[in-house]
Every structure is written in C-alpha cells, then in structure tokens.
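A.B. asks: Data: data_2.pdb, PDB, C-alpha atoms.
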```
MODEL        1
ATOM      1  CA  MET A   1       0.884 -32.257   7.995
ATOM      2  CA  SER A   2      -0.341 -31.148   4.577
ATOM      3  CA  PRO A   3       0.543 -33.204   1.486
ATOM      4  CA  ALA A   4       3.515 -30.990   0.698
ATOM      5  CA  SER A   5       5.222 -28.811   3.279
ATOM      6  CA  THR A   6       8.426 -27.771   4.929
ATOM      7  CA  THR A   7       9.066 -27.873   8.655
ATOM      8  CA  ALA A   8       7.234 -24.924  10.175
ATOM      9  CA  GLY A   9       7.412 -25.600  13.914
ATOM     10  CA  THR A  10       4.247 -25.915  15.971
ATOM     11  CA  THR A  11       3.280 -22.314  16.781
ATOM     12  CA  SER A  12       2.769 -19.150  14.763
ATOM     13  CA  ARG A  13       2.685 -15.515  15.873
ATOM     14  CA  PHE A  14       0.030 -13.072  14.682
ATOM     15  CA  VAL A  15      -1.387  -9.655  15.578
ATOM     16  CA  ALA A  16      -4.905 -10.181  16.911
ATOM     17  CA  GLN A  17      -7.802  -7.806  17.543
ATOM     18  CA  ASP A  18     -10.852  -8.730  19.633
ATOM     19  CA  GLU A  19     -12.571  -5.327  19.638
ATOM     20  CA  HIS A  20     -12.312  -2.151  17.584
ATOM     21  CA  GLY A  21     -10.135   0.737  18.706
ATOM     22  CA  GLY A  22      -6.543   1.945  18.631
ATOM     23  CA  THR A  23      -3.307   0.022  18.997
ATOM     24  CA  ASP A  24      -4.222  -0.709  22.619
ATOM     25  CA  ARG A  25      -6.836  -3.105  21.238
ATOM     26  CA  LEU A  26      -4.194  -5.082  19.322
ATOM     27  CA  ARG A  27      -2.080  -7.847  20.816
ATOM     28  CA  LEU A  28       0.629 -10.237  19.706
ATOM     29  CA  ALA A  29      -0.843 -13.716  19.990
ATOM     30  CA  ILE A  30       0.283 -17.302  19.431
ATOM     31  CA  ARG A  31      -1.677 -20.036  17.647
ATOM     32  CA  PRO A  32      -0.891 -23.450  16.159
ATOM     33  CA  VAL A  33       0.654 -23.234  12.716
ATOM     34  CA  PRO A  34      -2.339 -23.244  10.333
ATOM     35  CA  GLU A  35      -2.581 -26.130   7.886
ATOM     36  CA  PRO A  36      -3.825 -25.438   4.350
ATOM     37  CA  GLY A  37      -6.882 -27.439   3.373
ATOM     38  CA  PRO A  38      -7.694 -28.675  -0.121
ATOM     39  CA  GLY A  39      -7.068 -26.028  -2.758
ATOM     40  CA  ARG A  40      -5.200 -23.760  -0.339
ATOM     41  CA  VAL A  41      -1.595 -22.727   0.244
ATOM     42  CA  ARG A  42       0.293 -21.523   3.293
ATOM     43  CA  VAL A  43       2.739 -18.628   3.027
ATOM     44  CA  ARG A  44       5.566 -18.119   5.507
ATOM     45  CA  VAL A  45       5.515 -14.343   5.673
ATOM     46  CA  ALA A  46       8.870 -12.588   5.512
ATOM     47  CA  VAL A  47       7.686  -8.947   5.346
ATOM     48  CA  ALA A  48       4.329  -7.255   5.895
ATOM     49  CA  GLY A  49       3.599  -3.668   4.875
ATOM     50  CA  LEU A  50       1.434  -1.073   6.639
ATOM     51  CA  ASN A  51      -1.249   1.149   5.108
ATOM     52  CA  PRO A  52      -3.616   3.813   6.497
ATOM     53  CA  VAL A  53      -6.625   1.621   5.735
ATOM     54  CA  ASP A  54      -5.259  -1.062   8.092
ATOM     55  CA  TRP A  55      -5.668   1.014  11.229
ATOM     56  CA  GLN A  56      -8.807   2.680   9.860
ATOM     57  CA  ILE A  57     -10.419  -0.774   9.645
ATOM     58  CA  ALA A  58      -9.107  -1.592  13.116
ATOM     59  CA  ALA A  59     -10.753   1.549  14.530
ATOM     60  CA  SER A  60     -14.083   1.476  12.664
ATOM     61  CA  PRO A  61     -16.705  -1.301  12.787
ATOM     62  CA  ALA A  62     -18.499   0.338   9.851
ATOM     63  CA  LEU A  63     -15.405   0.364   7.649
ATOM     64  CA  ALA A  64     -14.562  -3.196   8.648
ATOM     65  CA  ALA A  65     -18.058  -4.266   7.608
ATOM     66  CA  ALA A  66     -17.648  -2.452   4.293
ATOM     67  CA  PHE A  67     -14.581  -4.630   3.646
ATOM     68  CA  GLY A  68     -16.445  -7.765   4.708
ATOM     69  CA  VAL A  69     -14.480  -8.380   7.907
ATOM     70  CA  ALA A  70     -15.332  -8.284  11.619
ATOM     71  CA  VAL A  71     -13.709  -8.825  15.008
ATOM     72  CA  PRO A  72     -12.171 -11.057  16.160
ATOM     73  CA  MET A  73      -9.660 -10.604  13.371
ATOM     74  CA  GLY A  74      -6.021 -10.046  12.576
ATOM     75  CA  PHE A  75      -4.331  -6.946  11.188
ATOM     76  CA  GLY A  76      -2.666  -5.784   7.991
ATOM     77  CA  ASN A  77      -2.931  -6.562   4.289
ATOM     78  CA  ASP A  78       0.358  -6.424   2.340
ATOM     79  CA  PHE A  79       2.792  -9.324   2.579
ATOM     80  CA  ALA A  80       5.612 -11.184   0.850
ATOM     81  CA  GLY A  81       7.173 -14.519   1.639
ATOM     82  CA  VAL A  82       7.483 -18.099   0.454
ATOM     83  CA  ILE A  83       4.948 -20.892   0.131
ATOM     84  CA  ASP A  84       5.862 -23.523   2.707
ATOM     85  CA  ALA A  85       2.852 -25.853   2.467
ATOM     86  CA  VAL A  86       0.170 -26.697  -0.105
ATOM     87  CA  GLY A  87      -3.096 -28.572   0.295
ATOM     88  CA  ASP A  88      -4.595 -31.326  -1.800
ATOM     89  CA  GLY A  89      -5.386 -30.459  -5.393
ATOM     90  CA  VAL A  90      -2.980 -27.509  -5.664
ATOM     91  CA  SER A  91      -1.111 -27.439  -8.965
ATOM     92  CA  ARG A  92      -0.552 -23.729  -9.522
ATOM     93  CA  TRP A  93       1.932 -23.366  -6.657
ATOM     94  CA  ALA A  94       4.699 -25.436  -5.088
ATOM     95  CA  VAL A  95       6.581 -25.329  -1.823
ATOM     96  CA  GLY A  96       9.431 -22.853  -2.213
ATOM     97  CA  ASP A  97       7.637 -20.440  -4.544
ATOM     98  CA  ARG A  98       8.247 -16.803  -3.638
ATOM     99  CA  VAL A  99       4.969 -14.871  -3.502
ATOM    100  CA  PHE A 100       3.493 -11.513  -2.528
ATOM    101  CA  GLY A 101       0.084  -9.912  -2.370
ATOM    102  CA  GLY A 102      -2.737  -8.978  -0.022
ATOM    103  CA  ALA A 103      -4.520 -10.772   2.814
ATOM    104  CA  ARG A 104      -7.051  -8.444   4.412
ATOM    105  CA  VAL A 105      -6.732  -8.273   8.237
ATOM    106  CA  ALA A 106      -4.303 -11.202   8.214
ATOM    107  CA  ALA A 107      -0.860 -10.139   6.965
ATOM    108  CA  LEU A 108       0.895  -9.320  10.257
ATOM    109  CA  ALA A 109       1.460 -12.975  11.015
ATOM    110  CA  ASP A 110       4.107 -15.631  10.613
ATOM    111  CA  HIS A 111       1.766 -17.559   8.317
ATOM    112  CA  VAL A 112      -1.050 -16.648   5.935
ATOM    113  CA  VAL A 113      -3.341 -19.221   4.301
ATOM    114  CA  LEU A 114      -5.025 -18.383   0.986
ATOM    115  CA  ALA A 115      -6.876 -20.195  -1.770
ATOM    116  CA  ASP A 116      -4.463 -21.242  -4.498
ATOM    117  CA  VAL A 117      -6.589 -19.333  -7.053
ATOM    118  CA  ASP A 118      -6.874 -16.189  -4.927
ATOM    119  CA  PRO A 119      -6.322 -13.234  -7.298
ATOM    120  CA  ARG A 120      -4.500 -11.387  -4.521
ATOM    121  CA  LEU A 121      -1.648 -13.909  -4.563
ATOM    122  CA  HIS A 122       1.166 -13.245  -7.059
ATOM    123  CA  ARG A 123       4.538 -14.722  -7.916
ATOM    124  CA  THR A 124       7.413 -12.448  -6.851
ATOM    125  CA  PRO A 125       9.527 -11.580  -9.906
ATOM    126  CA  ASP A 126      13.227 -12.376  -9.948
ATOM    127  CA  GLY A 127      15.269  -9.364  -8.932
ATOM    128  CA  VAL A 128      12.686  -8.067  -6.425
ATOM    129  CA  ASP A 129      13.353  -8.520  -2.713
ATOM    130  CA  ASP A 130      10.704  -9.365  -0.113
ATOM    131  CA  ARG A 131      10.914  -5.951   1.511
ATOM    132  CA  THR A 132       9.829  -4.304  -1.724
ATOM    133  CA  ALA A 133       7.211  -6.892  -2.662
ATOM    134  CA  GLY A 134       5.857  -6.957   0.880
ATOM    135  CA  VAL A 135       4.786  -3.308   0.947
ATOM    136  CA  ILE A 136       3.432  -2.747  -2.554
ATOM    137  CA  ASP A 137      -0.032  -4.307  -2.721
ATOM    138  CA  ILE A 138      -2.366  -1.463  -1.688
ATOM    139  CA  ALA A 139      -0.101   1.487  -2.511
ATOM    140  CA  GLY A 140       0.932   0.008  -5.837
ATOM    141  CA  ARG A 141      -2.581  -0.788  -6.982
ATOM    142  CA  THR A 142      -3.779   2.647  -5.893
ATOM    143  CA  ALA A 143      -0.959   4.544  -7.592
ATOM    144  CA  SER A 144      -1.450   2.562 -10.785
ATOM    145  CA  ALA A 145      -5.215   3.205 -10.787
ATOM    146  CA  VAL A 146      -4.704   6.937 -10.213
ATOM    147  CA  VAL A 147      -2.151   7.417 -12.980
ATOM    148  CA  ASP A 148      -4.423   5.510 -15.362
ATOM    149  CA  ALA A 149      -7.393   7.683 -14.380
ATOM    150  CA  LEU A 150      -5.413  10.877 -14.992
ATOM    151  CA  THR A 151      -4.376   9.838 -18.548
ATOM    152  CA  LEU A 152      -1.310  12.058 -18.376
ATOM    153  CA  THR A 153       0.808  13.095 -21.357
ATOM    154  CA  ARG A 154       3.891  15.263 -21.797
ATOM    155  CA  ASP A 155       1.535  18.224 -22.315
ATOM    156  CA  ASP A 156       0.246  17.972 -18.725
ATOM    157  CA  THR A 157       1.273  19.660 -15.509
ATOM    158  CA  VAL A 158      -0.101  17.600 -12.622
ATOM    159  CA  LEU A 159      -0.356  18.483  -8.926
ATOM    160  CA  ILE A 160       0.018  15.535  -6.521
ATOM    161  CA  SER A 161      -0.560  15.918  -2.791
ATOM    162  CA  ALA A 162       1.247  13.921  -0.092
ATOM    163  CA  ALA A 163       3.881  13.249  -2.728
ATOM    164  CA  ALA A 164       6.417  11.681  -0.347
ATOM    165  CA  GLY A 165       3.980   9.193   1.195
ATOM    166  CA  GLY A 166       3.397   5.538   0.432
ATOM    167  CA  VAL A 167       1.079   6.067  -2.540
ATOM    168  CA  GLY A 168       2.545   9.435  -3.473
ATOM    169  CA  SER A 169       6.126   8.235  -3.819
ATOM    170  CA  LEU A 170       5.001   5.648  -6.375
ATOM    171  CA  LEU A 171       2.494   7.887  -8.149
ATOM    172  CA  VAL A 172       5.025  10.680  -8.632
ATOM    173  CA  GLN A 173       7.426   8.296 -10.358
ATOM    174  CA  LEU A 174       4.681   6.852 -12.575
ATOM    175  CA  ALA A 175       3.504  10.352 -13.490
ATOM    176  CA  VAL A 176       7.049  11.440 -14.342
ATOM    177  CA  ARG A 177       7.348   8.416 -16.637
ATOM    178  CA  THR A 178       4.436   9.738 -18.727
ATOM    179  CA  GLY A 179       6.476  12.831 -19.559
ATOM    180  CA  ALA A 180       4.184  15.138 -17.577
ATOM    181  CA  ARG A 181       5.524  17.935 -15.412
ATOM    182  CA  VAL A 182       4.866  16.929 -11.794
ATOM    183  CA  ILE A 183       4.421  19.242  -8.808
ATOM    184  CA  GLY A 184       4.258  17.485  -5.446
ATOM    185  CA  THR A 185       3.048  18.857  -2.119
ATOM    186  CA  GLY A 186       4.701  18.047   1.178
ATOM    187  CA  SER A 187       6.292  19.469   4.292
ATOM    188  CA  PRO A 188       9.608  21.346   4.121
ATOM    189  CA  ALA A 189      11.268  18.172   5.430
ATOM    190  CA  SER A 190       9.869  16.267   2.441
ATOM    191  CA  ALA A 191      11.106  18.666  -0.244
ATOM    192  CA  ALA A 192      14.359  16.857  -0.995
ATOM    193  CA  VAL A 193      12.579  13.489  -1.091
ATOM    194  CA  ILE A 194       9.957  14.804  -3.520
ATOM    195  CA  ALA A 195      12.630  16.327  -5.738
ATOM    196  CA  GLY A 196      14.520  13.040  -5.695
ATOM    197  CA  LEU A 197      11.430  11.301  -7.060
ATOM    198  CA  GLY A 198      11.399  13.657 -10.042
ATOM    199  CA  ALA A 199       8.777  16.197  -8.961
ATOM    200  CA  GLU A 200       8.972  19.884  -8.109
ATOM    201  CA  PRO A 201       8.225  20.247  -4.386
ATOM    202  CA  VAL A 202       5.740  22.770  -3.050
ATOM    203  CA  GLY A 203       4.528  23.343   0.501
ATOM    204  CA  TYR A 204       0.989  22.374   1.437
ATOM    205  CA  GLY A 205      -1.363  24.570   3.438
ATOM    206  CA  SER A 206      -3.493  27.686   3.036
ATOM    207  CA  GLY A 207      -1.123  29.269   0.519
ATOM    208  CA  LEU A 208      -1.024  26.297  -1.845
ATOM    209  CA  ALA A 209      -2.974  27.952  -4.668
ATOM    210  CA  ASP A 210      -0.636  30.961  -4.702
ATOM    211  CA  GLU A 211       2.493  28.773  -4.548
ATOM    212  CA  VAL A 212       1.318  26.574  -7.413
ATOM    213  CA  GLY A 213       0.358  29.672  -9.385
ATOM    214  CA  ARG A 214       3.861  31.083  -8.994
ATOM    215  CA  LEU A 215       5.500  27.773  -9.856
ATOM    216  CA  ALA A 216       3.264  27.082 -12.866
ATOM    217  CA  PRO A 217       1.957  30.443 -14.164
ATOM    218  CA  ALA A 218       0.564  28.729 -17.258
ATOM    219  CA  GLY A 219      -1.634  26.611 -14.986
ATOM    220  CA  ILE A 220      -2.003  22.960 -14.093
ATOM    221  CA  THR A 221      -4.058  20.472 -16.061
ATOM    222  CA  ALA A 222      -4.613  17.590 -13.621
ATOM    223  CA  ALA A 223      -4.426  16.800  -9.919
ATOM    224  CA  ALA A 224      -4.380  13.832  -7.537
ATOM    225  CA  ASP A 225      -5.422  14.396  -3.916
ATOM    226  CA  LEU A 226      -4.017  11.566  -1.823
ATOM    227  CA  PHE A 227      -5.127  12.727   1.615
ATOM    228  CA  ASP A 228      -8.496  14.521   1.788
ATOM    229  CA  ALA A 229     -10.092  16.995  -0.625
ATOM    230  CA  ARG A 230      -8.237  20.244  -0.011
ATOM    231  CA  THR A 231      -5.764  19.790  -2.855
ATOM    232  CA  ALA A 232      -8.642  18.782  -5.135
ATOM    233  CA  GLU A 233     -10.420  22.015  -4.229
ATOM    234  CA  VAL A 234      -7.287  24.039  -4.984
ATOM    235  CA  ALA A 235      -6.962  22.340  -8.361
ATOM    236  CA  LEU A 236     -10.560  23.234  -9.226
ATOM    237  CA  GLN A 237      -9.911  26.802  -8.073
ATOM    238  CA  LEU A 238      -6.966  26.910 -10.485
ATOM    239  CA  GLY A 239      -9.175  25.851 -13.382
ATOM    240  CA  VAL A 240      -8.527  22.107 -13.650
ATOM    241  CA  PRO A 241     -11.602  20.348 -15.136
ATOM    242  CA  PRO A 242     -13.290  18.194 -12.459
ATOM    243  CA  ARG A 243     -12.934  15.061 -14.606
ATOM    244  CA  ARG A 244      -9.142  15.423 -14.351
ATOM    245  CA  VAL A 245      -9.101  15.654 -10.551
ATOM    246  CA  VAL A 246      -8.779  12.371  -8.622
ATOM    247  CA  THR A 247      -9.173  11.718  -4.900
ATOM    248  CA  ILE A 248      -8.445   8.517  -2.974
ATOM    249  CA  GLU A 249      -9.439   9.203   0.656
ATOM    250  CA  SER A 250     -12.125  11.881   0.656
ATOM    251  CA  ASP A 251     -15.524  10.993   2.112
ATOM    252  CA  ALA A 252     -17.025  13.877   0.130
ATOM    253  CA  PRO A 253     -15.010  14.519  -3.050
ATOM    254  CA  PRO A 254     -15.920  17.714  -4.922
ATOM    255  CA  PRO A 255     -18.703  17.232  -7.490
ATOM    256  CA  GLY A 256     -17.497  15.949 -10.829
ATOM    257  CA  THR A 257     -14.133  14.727  -9.547
ATOM    258  CA  ARG A 258     -13.201  11.046  -9.603
ATOM    259  CA  ALA A 259     -12.821   8.869  -6.506
ATOM    260  CA  VAL A 260     -10.315   6.072  -7.180
ATOM    261  CA  ASN A 261      -8.901   3.265  -5.046
ATOM    262  CA  GLY A 262      -6.799   0.162  -5.431
ATOM    263  CA  SER A 263      -9.718  -1.981  -6.535
ATOM    264  CA  ASP A 264      -9.798   0.093  -9.742
ATOM    265  CA  ALA A 265      -6.322  -1.058 -10.789
ATOM    266  CA  ARG A 266      -5.927  -3.031 -13.990
ATOM    267  CA  PRO A 267      -5.278  -6.779 -13.724
ATOM    268  CA  GLY A 268      -1.536  -7.239 -13.802
ATOM    269  CA  ALA A 269      -0.799  -3.728 -12.535
ATOM    270  CA  LEU A 270       1.252  -4.949  -9.572
ATOM    271  CA  LEU A 271       3.396  -7.244 -11.663
ATOM    272  CA  GLU A 272       3.995  -4.385 -14.116
ATOM    273  CA  LEU A 273       5.221  -2.226 -11.239
ATOM    274  CA  LEU A 274       7.557  -4.913  -9.933
ATOM    275  CA  GLU A 275       8.927  -5.463 -13.420
ATOM    276  CA  LEU A 276       9.793  -1.756 -13.420
ATOM    277  CA  VAL A 277      11.447  -2.248 -10.017
ATOM    278  CA  ALA A 278      13.474  -5.208 -11.293
ATOM    279  CA  ALA A 279      14.583  -3.163 -14.304
ATOM    280  CA  GLY A 280      15.675  -0.258 -12.097
ATOM    281  CA  HIS A 281      12.983   2.104 -13.368
ATOM    282  CA  LEU A 282      10.910   2.391 -10.169
ATOM    283  CA  ARG A 283      11.843   2.689  -6.501
ATOM    284  CA  VAL A 284       9.607   1.604  -3.633
ATOM    285  CA  PRO A 285      10.918   3.685  -0.729
ATOM    286  CA  VAL A 286      10.749   1.981   2.684
ATOM    287  CA  ALA A 287      11.174   4.562   5.431
ATOM    288  CA  ALA A 288      11.613   2.135   8.326
ATOM    289  CA  THR A 289      11.464  -1.561   9.171
ATOM    290  CA  PHE A 290      10.284  -2.985  12.506
ATOM    291  CA  PRO A 291      10.310  -6.483  14.009
ATOM    292  CA  LEU A 292       6.885  -7.991  14.690
ATOM    293  CA  GLU A 293       7.326  -7.457  18.436
ATOM    294  CA  ARG A 294       7.310  -3.677  17.778
ATOM    295  CA  PHE A 295       4.199  -3.715  15.594
ATOM    296  CA  ALA A 296       2.389  -1.137  17.769
ATOM    297  CA  GLU A 297       5.250   1.353  17.371
ATOM    298  CA  ALA A 298       5.191   0.826  13.613
ATOM    299  CA  ILE A 299       1.431   1.382  13.411
ATOM    300  CA  GLU A 300       1.601   4.547  15.510
ATOM    301  CA  LEU A 301       4.327   5.928  13.248
ATOM    302  CA  GLN A 302       2.188   5.128  10.221
ATOM    303  CA  ARG A 303      -0.811   6.882  11.776
ATOM    304  CA  ARG A 304       1.116  10.158  11.968
ATOM    305  CA  ARG A 305       1.166  10.195   8.140
ATOM    306  CA  HIS A 306       4.562  11.900   7.871
ATOM    307  CA  THR A 307       6.753   9.011   6.724
ATOM    308  CA  HIS A 308       8.648   9.169   3.437
ATOM    309  CA  GLY A 309       7.465   6.050   1.630
ATOM    310  CA  LYS A 310       6.299   2.816   3.216
ATOM    311  CA  LEU A 311       6.702   1.133   6.597
ATOM    312  CA  ALA A 312       7.532  -2.563   6.821
ATOM    313  CA  VAL A 313       7.263  -5.199   9.545
ATOM    314  CA  GLU A 314       9.934  -7.877   9.217
ATOM    315  CA  LEU A 315       9.050 -11.418  10.276
ATOM    316  CA  LEU A 316      12.044 -13.178   8.721
ATOM    317  CA  PRO A 317      15.516 -11.787   7.951
ATOM    318  CA  THR A 318      15.565 -10.308   4.421
TER     319      THR A 318
ENDMDL
END
```
Turn this file's structure into structure tokens for me.

C.D. replies:
Amino acid sequence: MSPASTTAGTTSRFVAQDEHGGTDRLRLAIRPVPEPGPGRVRVRVAVAGLNPVDWQIAASPALAAAFGVAVPMGFGNDFAGVIDAVGDGVSRWAVGDRVFGGARVAALADHVVLADVDPRLHRTPDGVDDRTAGVIDIAGRTASAVVDALTLTRDDTVLISAAAGGVGSLLVQLAVRTGARVIGTGSPASAAVIAGLGAEPVGYGSGLADEVGRLAPAGITAAADLFDARTAEVALQLGVPPRRVVTIESDAPPPGTRAVNGSDARPGALLELLELVAAGHLRVPVAATFPLERFAEAIELQRRRHTHGKLAVELLPT
C-alpha cells in the first residue's frame, strides 16, 4: 500500500479501448487498484462527465494523436471525487481531500492517478457537489474562454448557438452576467430551457438570419458558434465584425473569426465558476446520470447532441 491511503479493495473498474471506433470498441474492464508512486495521488472517482471530444478522440486516431494519447487507452476526461491515497513526497494533498478536474482518456474509472502538481487537479469548493464538479472541466473552461474572447458589455447583443448544450448552458449564463442581451439558438424543445437560462430563444436552421433580424432589428454585435460554422456565417452576414465571432468546433472557421477552446481559459477560471455555483449565481445543468455499467448508453445519448446540459456517469452515490 502507499504511504497514506484508505481501504480501496483490490480491483478497480474502468472503460477501456483497444482500437479506435464507436462505442462497440469500448468495454468495461477490471484491473488491480492502481497505487500512486512518488509525487502522485490517487482519486476515488465519484462522478465523471461526458463531452463530445471524448468520443471524437475514441473514433479518430489523428485526433487522439493531436491530444498526445493512443490506444490502448481509457475514456473520458472530467471527474470529481476524493483523494484516497498519496505517494511519497506529496504535501499538497491529503487523503480525504475532495477534488475535481480533468484526466484525458482516463476519467471513466473507479480510480484516477495524477501527479500531485498536475494543473488539471483542483480542490472542490465547499458548497459544490460532486455531480456539478464532475462535469465542468471541459465545458467550463471552454465557456469561460469564449466569454472572455467576446469581451461583452451591456451594449452588446450576442448570438449563441447550441445554447442549451453543455457549453452553451454555461456560456449563456456567463454572457447574461455581463449585462449583454443574449439570443440563443436551439430546437423548439429547447426553447423553455434557453429562456430559463436568461436568453431569448430562436430556432436554428436555414431561416436563422431572418429570425434573428426580426428579433433584433437593430442588429447583433457578437456571436459564438458552439457546433460548426453556420451560426458564425449568419453572424457575419448580419454585419458582425469577424473579430467578434468565435467558434469552438469548426475545422474551417470563417476568415478573421476566432477559434477558441478550453486550453485558452484563464488560470483559475474553473474555480471562479464553481465559486459562482456555490454562491447560487450559476447553474450547471445535468440532463441525466448513468451508472458506469451503462456507459455506452450515456455516450450514445451524448453523441446525438440534443441533451439540455451535461451528462454524468456516477461511480459512487452522490
């Protein structure tokens, strides 16, 4: 056993992937409980969150290589839980500390081992539950980076696509907090959710430019495209300067627009978001929670891209 630990049993479940492809290439596997070496900590994961990039990495060898990972590997990134073992030389953390963060292609597992100085590992603030902390890493960093890039003020009217999704549900709330007027695209089934976040809902599709024009006859001043580049193109058509149009998933963003992702977030951005959560100023919607045994069902639901908020996989009761 490591120098400091709690009883963890002898085996640990994890989602494993031996070759790239869809969910049929993923399996629930068992391994010995990993022991943290010197300068490392082990987290007993309570909740893991799902993101589009998780299954995109699983499907694409090229994208996996771009993130510095390769099969055989695990699955998932976002997690929250409690440190249950620490290796020699660890002073920053102690057994029993509640933590959250990101562990690329490793989070859907009973245990995650990270370096004690890993910048992806954060202390969970008091007043924030594991279900919230366990789904916020990628979406939270991305939403924070986008709202910073847009530099919104109360004089702005901003158009946000996929406004009810994992990133969108956070970004809408952050944009509303700047005082800007927020218009959010979504399906008819998402309209009430988008309105509940503080935005004015509008349907996506071929008539988006006309609908936005009717809703905001004075024009829009900024836009965030959270799915591809079609909303970005509409924003440019409506006269938004390219420098005030942000995309997060487009392989070919329109010239002059800004491509942003979670790696662009400010240090401390996640903790700032969770402080807002603890103070009751930000909600992190979780659309559904699945046990680890139903991970494939959860991933398939995530791949459809129609959930309102985040999806969580529960490994311990929360």

A.B. asks: Could the residues of stretch 112-205 of chain A that have an atom at most 6 Å from stretch 77-97 of chain A be listed as CSV, each with its closest atom pair and the distance in Å to one decimal, counting only C-alpha atoms and ordered by chain and ascending residue number?

C.D. replies:
```
residue,atom,partner,partner_atom,distance
A:Asp130,CA,A:Ala80,CA,5.5
A:Ala133,CA,A:Ala80,CA,5.8
A:Gly134,CA,A:Phe79,CA,4.2
A:Val135,CA,A:Asp78,CA,5.6
A:Asp137,CA,A:Asp78,CA,5.5
```

A.B. asks: What's the separation between atom CA of A:Ala66 and atom CA of A:Asp18, in Å to one decimal place?

C.D. replies: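 Straight-line distance from atom CA of A:Ala66 to atom CA of A:Asp18 works out to 17.9 Å.
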
A.B. asks: Carefully work through the PyMOL selection byres ((chain A and resi 127) around 12) for this structure and note down the residues it includes, as a PDB file with C-alpha atoms, in the coordinates of the input.

C.D. replies:
```pdb
ATOM      1  CA  ARG A  98       8.247 -16.803  -3.638  1.00  0.00           C
ATOM      2  CA  THR A 124       7.413 -12.448  -6.851  1.00  0.00           C
ATOM      3  CA  PRO A 125       9.527 -11.580  -9.906  1.00  0.00           C
ATOM      4  CA  ASP A 126      13.227 -12.376  -9.948  1.00  0.00           C
ATOM      5  CA  VAL A 128      12.686  -8.067  -6.425  1.00  0.00           C
ATOM      6  CA  ASP A 129      13.353  -8.520  -2.713  1.00  0.00           C
ATOM      7  CA  ASP A 130      10.704  -9.365  -0.113  1.00  0.00           C
ATOM      8  CA  ARG A 131      10.914  -5.951   1.511  1.00  0.00           C
ATOM      9  CA  THR A 132       9.829  -4.304  -1.724  1.00  0.00           C
ATOM     10  CA  ALA A 133       7.211  -6.892  -2.662  1.00  0.00           C
ATOM     11  CA  LEU A 274       7.557  -4.913  -9.933  1.00  0.00           C
ATOM     12  CA  GLU A 275       8.927  -5.463 -13.420  1.00  0.00           C
ATOM     13  CA  LEU A 276       9.793  -1.756 -13.420  1.00  0.00           C
ATOM     14  CA  VAL A 277      11.447  -2.248 -10.017  1.00  0.00           C
ATOM     15  CA  ALA A 278      13.474  -5.208 -11.293  1.00  0.00           C
ATOM     16  CA  ALA A 279      14.583  -3.163 -14.304  1.00  0.00           C
ATOM     17  CA  GLY A 280      15.675  -0.258 -12.097  1.00  0.00           C
TER      18      GLY A 280
END
```

A.B. asks: Write out as number ranges by chain each polymer residue whose atoms come within 12 Å of A:Leu301, counting only C-alpha atoms; drop sequence neighbours fewer than 2 positions from it.

C.D. replies: A: 23, 50-52, 55, 287-290, 294-299, 303-308, 310-312

A.B. asks: One number please: atom CA of A:Gly165 to atom CA of A:Leu197, in Å, one decimal.

C.D. replies: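 According to the coordinates, atom CA of A:Gly165 and atom CA of A:Leu197 are separated by 11.3 Å.
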
A.B. asks: Going by the chain IDs and residue numbers used in this file, which residues fall under the PyMOL selection byres ((chain A and resi 204-221) around 6)? Write them as a PyMOL selection string.

C.D. replies: chain A and resi 156-158+185-186+203+222+234+240

A.B. asks: Would you translate the PyMOL selection byres ((chain A and resi 111) around 7) into the concrete set of residues it matches in this file, as an mmCIF file with C-alpha atoms, in the frame of the given file?

C.D. replies:
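Now in out19.cif:
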```cif
data_model
loop_
_atom_site.group_PDB
_atom_site.id
_atom_site.type_symbol
_atom_site.label_atom_id
_atom_site.label_comp_id
_atom_site.auth_asym_id
_atom_site.auth_seq_id
_atom_site.Cartn_x
_atom_site.Cartn_y
_atom_site.Cartn_z
ATOM 1 C CA SER A 12 2.769 -19.150 14.763
ATOM 2 C CA ARG A 42 0.293 -21.523 3.293
ATOM 3 C CA VAL A 43 2.739 -18.628 3.027
ATOM 4 C CA ARG A 44 5.566 -18.119 5.507
ATOM 5 C CA VAL A 45 5.515 -14.343 5.673
ATOM 6 C CA ALA A 109 1.460 -12.975 11.015
ATOM 7 C CA ASP A 110 4.107 -15.631 10.613
ATOM 8 C CA VAL A 112 -1.050 -16.648 5.935
ATOM 9 C CA VAL A 113 -3.341 -19.221 4.301
#
```

A.B. asks: In Å, with one decimal, what is the gap from atom CA of A:Val69 to atom CA of A:Val105?

C.D. replies: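 These two atoms are separated by 7.8 Å.
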
A.B. asks: Could you tell me which of A:Ala62, A:Leu150, A:Val167, A:Ala223 comes closest to A:Ile183 if we count all atoms listed in the file?

C.D. replies: A:Ala223

A.B. asks: Distance cut-off 10 Å, centre (-7.6, 14.7, -1.7) in file coordinates, counting only C-alpha atoms: which residues qualify? Return them as JSON, numbers by chain.

C.D. replies: {"A": [160, 161, 162, 223, 224, 225, 226, 227, 228, 229, 230, 231, 232, 233, 234, 245, 246, 247, 248, 249, 250, 251, 252, 253, 254, 259]}

A.B. asks: Pick the closest to A:Ile136 from A:Val284, A:Ile30, A:Ala195, A:Leu316: which is it, counting all atoms listed in the file?

C.D. replies: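 Closest to A:Ile136 of all the choices is A:Val284.
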
A.B. asks: Counting all atoms listed in the file, I want the residues whose atoms come within 10 Å of (4.1, 9.0, -16.7) in the file frame, returned as a PyMOL selection string.

C.D. replies: chain A and resi 147-148+150-154+156+171-182

A.B. asks: With all atoms listed in the file as the counted atoms, please give the residues lying no more than 10 Å from A:Met73, apart from itself and same-chain residues fewer than 2 positions off, as a list in words.

C.D. replies: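 Counting all atoms listed in the file, the residues come to Val15, Ala16, Gln17, Asp18, Glu19, His20, Leu26, Ala58, Val69, Ala70, Val71, Phe75, Arg104, Val105 and Ala106 of chain A.
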
A.B. asks: Pick the closest to A:Pro285 from A:Gly76, A:Gly140, A:Ala189, A:Pro61: which is it, counting all atoms listed in the file?

C.D. replies: A:Gly140

A.B. asks: Under the rule that all atoms listed in the file are counted, which of A:Ala48, A:Ala59, A:Ala164, A:Ile138 is the nearest residue to A:Ala107?

C.D. replies: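 For A:Ala107, the nearest of the given residues is A:Ala48.
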
A.B. asks: Could the centre and edge lengths of an axis-aligned box, enclosing all atoms of stretch 51-55 of chain A in the file with 4 Å extra on each side, be given in Å to one decimal as lines of an AutoDock Vina configuration file?

C.D. replies:
```
center_x = -3.9
center_y = 1.4
center_z = 8.2
size_x = 13.4
size_y = 12.9
size_z = 14.1
```
